[in-house]
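Undergrad: Got a structure for you, written out below as structure tokens; questions coming shortly.
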Amino acid sequence: MATHFIRNKSMWIVLVLILAFLAPYLRQCIPSSSTPPTPNISAPAKPAVTVTVPTINADSAYLFIKKQVDFGPRVPGTPAHKKCAAWMSAEFKRLGLSVIEQKFTAQTYFGPRDAVNIIAQYKPELSKRILLCAHWDSRHIADKDSKDKANPILGADDGASGIGLLLEIARTLQANPLDLGVDLICFDAEDLGDDRESAPNESVMTQASAEAKARTWCLGSQYWAGNLHKPGYTAQFGILLDMVGAKGAVFPYESYSKDRAPLVQNQIWNIAEELGFGSMFPRRDAGYVTDDHVFVMNGTSIPTVDIISIPNPPPNSFGSYHHTHNDNMNVIDRATLGSVGQVVATVLYRAGAGVFL
Ligand SMILES: [Zn+2]
């Protein structure tokens, strides 16, 4: 019987010695409670930080575009241009941003014109900043139209759409505070460039003449790059929105952005794919576009990506309505605005949480 056995002292000693001898082997045989659980390979990996991204209101963005277009063509030096500038400044202030109006004379190929860059700053006291920009002027002529070529265009997509999204982002920032500085820069005089064919005897355009022609565009961003609104201004990265509101918009890789801001571009396109907009943001090269981001990158060290609709191969790369009177509210599509806006909002709120780049 057990009780009797353990009263025998010599047997106790033998038992203790046997156990001491066997202990290392016994330990290996006892199942450990710290054995890791079998991994569930079907469960998706969870991101380390969950970032809440507010929803961009496409109806609100649409109305911000309509309001600009209702002023008429916003050609520098015209009353409609002045009225629209005053309205934009007031809107950004109403939404809680602090506004700098940077006035300058645009030296266009057809003469000097009064122009103004409108710089709306969200949390100007913060040093960690992101730059978002678009142009707010509309083209002075309809050079790709078949009629009324000499008249200015409404520029609903080419101009007003990018600003409409910037205003909607300002509204979103006010309603959903972010621990990050954001500068929303509305460049003027982007679209007054010289797009005339070369003279017939100029069969091959020289490099110098091509560069001179390129500099007739983007006068507002060129001025800003040489006269930063704050000395030494910089930002982690920039995004330019140009023609971001039309039906059937397609945003392939713009090549200056790919060459000079590849990490930012790739991350933006990753987010677009993740949100289900992969077909709107195809990963194919669309060529080089002289646009405001080029001059931002020439004047600062801010890597800046152009999100610009290039739905077709040349020569009608930017769509049939481009630089015609058909660039009016009929081409604007809320679904496009909502998609682009949500991609940009996701970039911003992830950057605010430190999980974008
Ligand atoms: Zn244009």
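Labels used: A, B, ... for chains in the order of the structure tokens, numbers from 1 for residues in each chain, and numbers from 1 for ligands as shown.
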Using only C-alpha atoms and all ligand atoms, what does the table of chain A residues within 8 Å of ligand 1 look like, with each row giving the shortest atom pair and its distance in Å to one decimal, sorted by chain and ascending number, as a Markdown table?
TA:
| residue | atom | partner | partner_atom_place_in_ligand_line | distance |
| --- | --- | --- | --- | --- |
| A:Ser138 | CA | ligand 1 | 1 (Zn) | 7.3 |
| A:Arg139 | CA | ligand 1 | 1 (Zn) | 6.2 |
| A:Gly155 | CA | ligand 1 | 1 (Zn) | 7.8 |
| A:Asp158 | CA | ligand 1 | 1 (Zn) | 5.3 |
| A:Gly159 | CA | ligand 1 | 1 (Zn) | 7.3 |
| A:Glu190 | CA | ligand 1 | 1 (Zn) | 7.5 |
| A:Asp191 | CA | ligand 1 | 1 (Zn) | 4.9 |
| A:His322 | CA | ligand 1 | 1 (Zn) | 7.0 |
| A:His323 | CA | ligand 1 | 1 (Zn) | 6.1 |
Undergrad: Write a file of the selected residues as a PDB file, in the first residue's frame, keeping C-alpha atoms.
TA:
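The resulting file, result.pdb, is reproduced below:
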ATOM      1  CA  SER A 138      -8.852  78.820 -66.979  1.00  0.00           C
ATOM      2  CA  ARG A 139      -7.427  78.990 -70.490  1.00  0.00           C
ATOM      3  CA  GLY A 155     -12.282  75.025 -67.590  1.00  0.00           C
ATOM      4  CA  ASP A 158      -9.002  71.905 -66.480  1.00  0.00           C
ATOM      5  CA  GLY A 159      -8.745  74.161 -63.474  1.00  0.00           C
ATOM      6  CA  GLU A 190      -0.943  77.812 -65.379  1.00  0.00           C
ATOM      7  CA  ASP A 191      -2.914  77.567 -68.579  1.00  0.00           C
ATOM      8  CA  HIS A 322      -9.461  69.530 -73.544  1.00  0.00           C
ATOM      9  CA  HIS A 323      -8.945  73.240 -74.356  1.00  0.00           C
TER      10      HIS A 323
END
Undergrad: Each residue of range 46-107 of chain A lying at most 6 Å from range 338-350 of chain A should get a row with its shortest atom-to-atom pair and the distance in Å to one decimal, counting only C-alpha atoms; could you produce that, ordered by chain and increasing number, as JSON lines?
TA:
{"residue": "A:Val53", "atom": "CA", "partner": "A:Thr346", "partner_atom": "CA", "distance": 5.8}
{"residue": "A:Ile56", "atom": "CA", "partner": "A:Gln342", "partner_atom": "CA", "distance": 5.7}
{"residue": "A:Ala58", "atom": "CA", "partner": "A:Gly338", "partner_atom": "CA", "distance": 4.8}
Undergrad: Write out the residues from the selection above, keeping C-alpha atoms, as an mmCIF file, in the first residue's frame.
TA:
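And here's again-v4.cif as it stands now:
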data_model
loop_
_atom_site.group_PDB
_atom_site.id
_atom_site.type_symbol
_atom_site.label_atom_id
_atom_site.label_comp_id
_atom_site.auth_asym_id
_atom_site.auth_seq_id
_atom_site.Cartn_x
_atom_site.Cartn_y
_atom_site.Cartn_z
ATOM 1 C CA VAL A 53 -9.988 58.222 -42.894
ATOM 2 C CA ILE A 56 -14.791 62.829 -49.026
ATOM 3 C CA ALA A 58 -18.305 64.253 -53.865
#
Undergrad: Please return as a count of residues only: the residues of range 168-326 of chain A that backbone DSSP assigns to helix (DSSP H, G or I).
TA: 51
Undergrad: Just to confirm, what's the straight-line distance from CA of Ser209 in chain A to CA of Pro313 in chain A in Å (one decimal)?
TA: 24.5 Å
Undergrad: Name all residues at most 8 Å from Phe187 in chain A (count only C-alpha atoms; drop same-chain ones fewer than 2 positions away) and give them as a JSON list (two decimals) with C-alpha atoms, in the first residue's frame.
TA:
[["chain", "number", "residue", "atom", "x", "y", "z"],
["A", 116, "VAL", "CA", -2.50, 85.81, -57.71],
["A", 117, "ASN", "CA", -1.51, 82.53, -56.08],
["A", 118, "ILE", "CA", -3.81, 81.68, -53.18],
["A", 133, "CYS", "CA", -1.80, 72.07, -55.21],
["A", 134, "ALA", "CA", -3.88, 72.74, -58.31],
["A", 135, "HIS", "CA", -4.28, 75.59, -60.78],
["A", 136, "TRP", "CA", -7.30, 77.84, -60.56],
["A", 137, "ASP", "CA", -7.12, 79.90, -63.78],
["A", 185, "ILE", "CA", -1.77, 76.09, -52.97],
["A", 189, "ALA", "CA", -1.71, 81.47, -64.71],
["A", 190, "GLU", "CA", -0.94, 77.81, -65.38],
["A", 218, "CYS", "CA", 2.75, 77.41, -65.20],
["A", 220, "GLY", "CA", 2.09, 80.94, -60.99],
["A", 221, "SER", "CA", 4.14, 77.97, -59.82],
["A", 292, "ASP", "CA", 3.07, 72.94, -61.98]]
Undergrad: Within 9 Å of Thr108 in chain A, counting only C-alpha atoms, which residues show up once you throw out same-chain ones fewer than 4 positions away? Write them as a list in words, please.
TA: Pro112, Arg113, Ala189, Leu192, Gly193, Asp194, Thr216, Trp217 and Leu219 of chain A
Undergrad: From the options A:Tyr109, A:Trp224, A:Phe251, A:Phe281, which residue's atoms come nearest to Arg196 in chain A, counting only C-alpha atoms?
TA: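 For Arg196 in chain A, the nearest of the candidates is A:Tyr109.
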Undergrad: Please report the interatomic distance between CA of Asp70 in chain A and CA of Gly162 in chain A in Å with one decimal.
TA: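 Interatomic distance here is 15.9 Å.
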Undergrad: Quick one: distance from CA of Ser98 in chain A to CA of Gln121 in chain A in Å, one decimal?
TA: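 Atom-to-atom, CA of Ser98 in chain A to CA of Gln121 in chain A, that is 5.1 Å.
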Undergrad: Enumerate, as a PyMOL selection string, the complete set of residues in range 219-294 of chain A that a backbone-based DSSP assignment places in strand (DSSP E).
TA: chain A and resi 238-242
Undergrad: Between A:Leu167, A:Arg260, A:Tyr288, A:Gly299, which one has atoms that come closest to Asn57 in chain A, using only C-alpha atoms?
TA: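 The shortest atom-to-atom distance to Asn57 in chain A comes from A:Leu167.
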Undergrad: Would you please work out which residue, of A:Gly77, A:Gly245, A:Pro303, A:Pro124, is nearest to Gly164 in chain A when using only C-alpha atoms?
TA: A:Gly245
Undergrad: Identify which of the residues A:Leu337, A:Met297, A:Ala353, A:Met280 lies closest to Ile310 in chain A, counting only C-alpha atoms when measuring atom-to-atom distances.
TA: A:Met280
Undergrad: Please determine, counting only C-alpha atoms, which residue among A:Ile308, A:Leu97, A:Ala150, A:Leu180 has the shortest atom-to-atom distance to Ser255 in chain A.
TA: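 Looking only at the distances to Ser255 in chain A, the closest residue turns out to be A:Ile308.
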Undergrad: Measuring between only C-alpha atoms, which one of A:Phe110, A:Tyr233, A:Tyr62, A:Tyr122 shows the shortest distance to Asp179 in chain A?
TA: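 Ranked by minimum distance to Asp179 in chain A, first place goes to A:Tyr122.
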Undergrad: Excluding Val182 in chain A and any residue of its chain fewer than 2 positions from it, enumerate the residues within 6 Å of it, using only C-alpha atoms, and give them as number ranges by chain.
TA: A: 122, 129-131
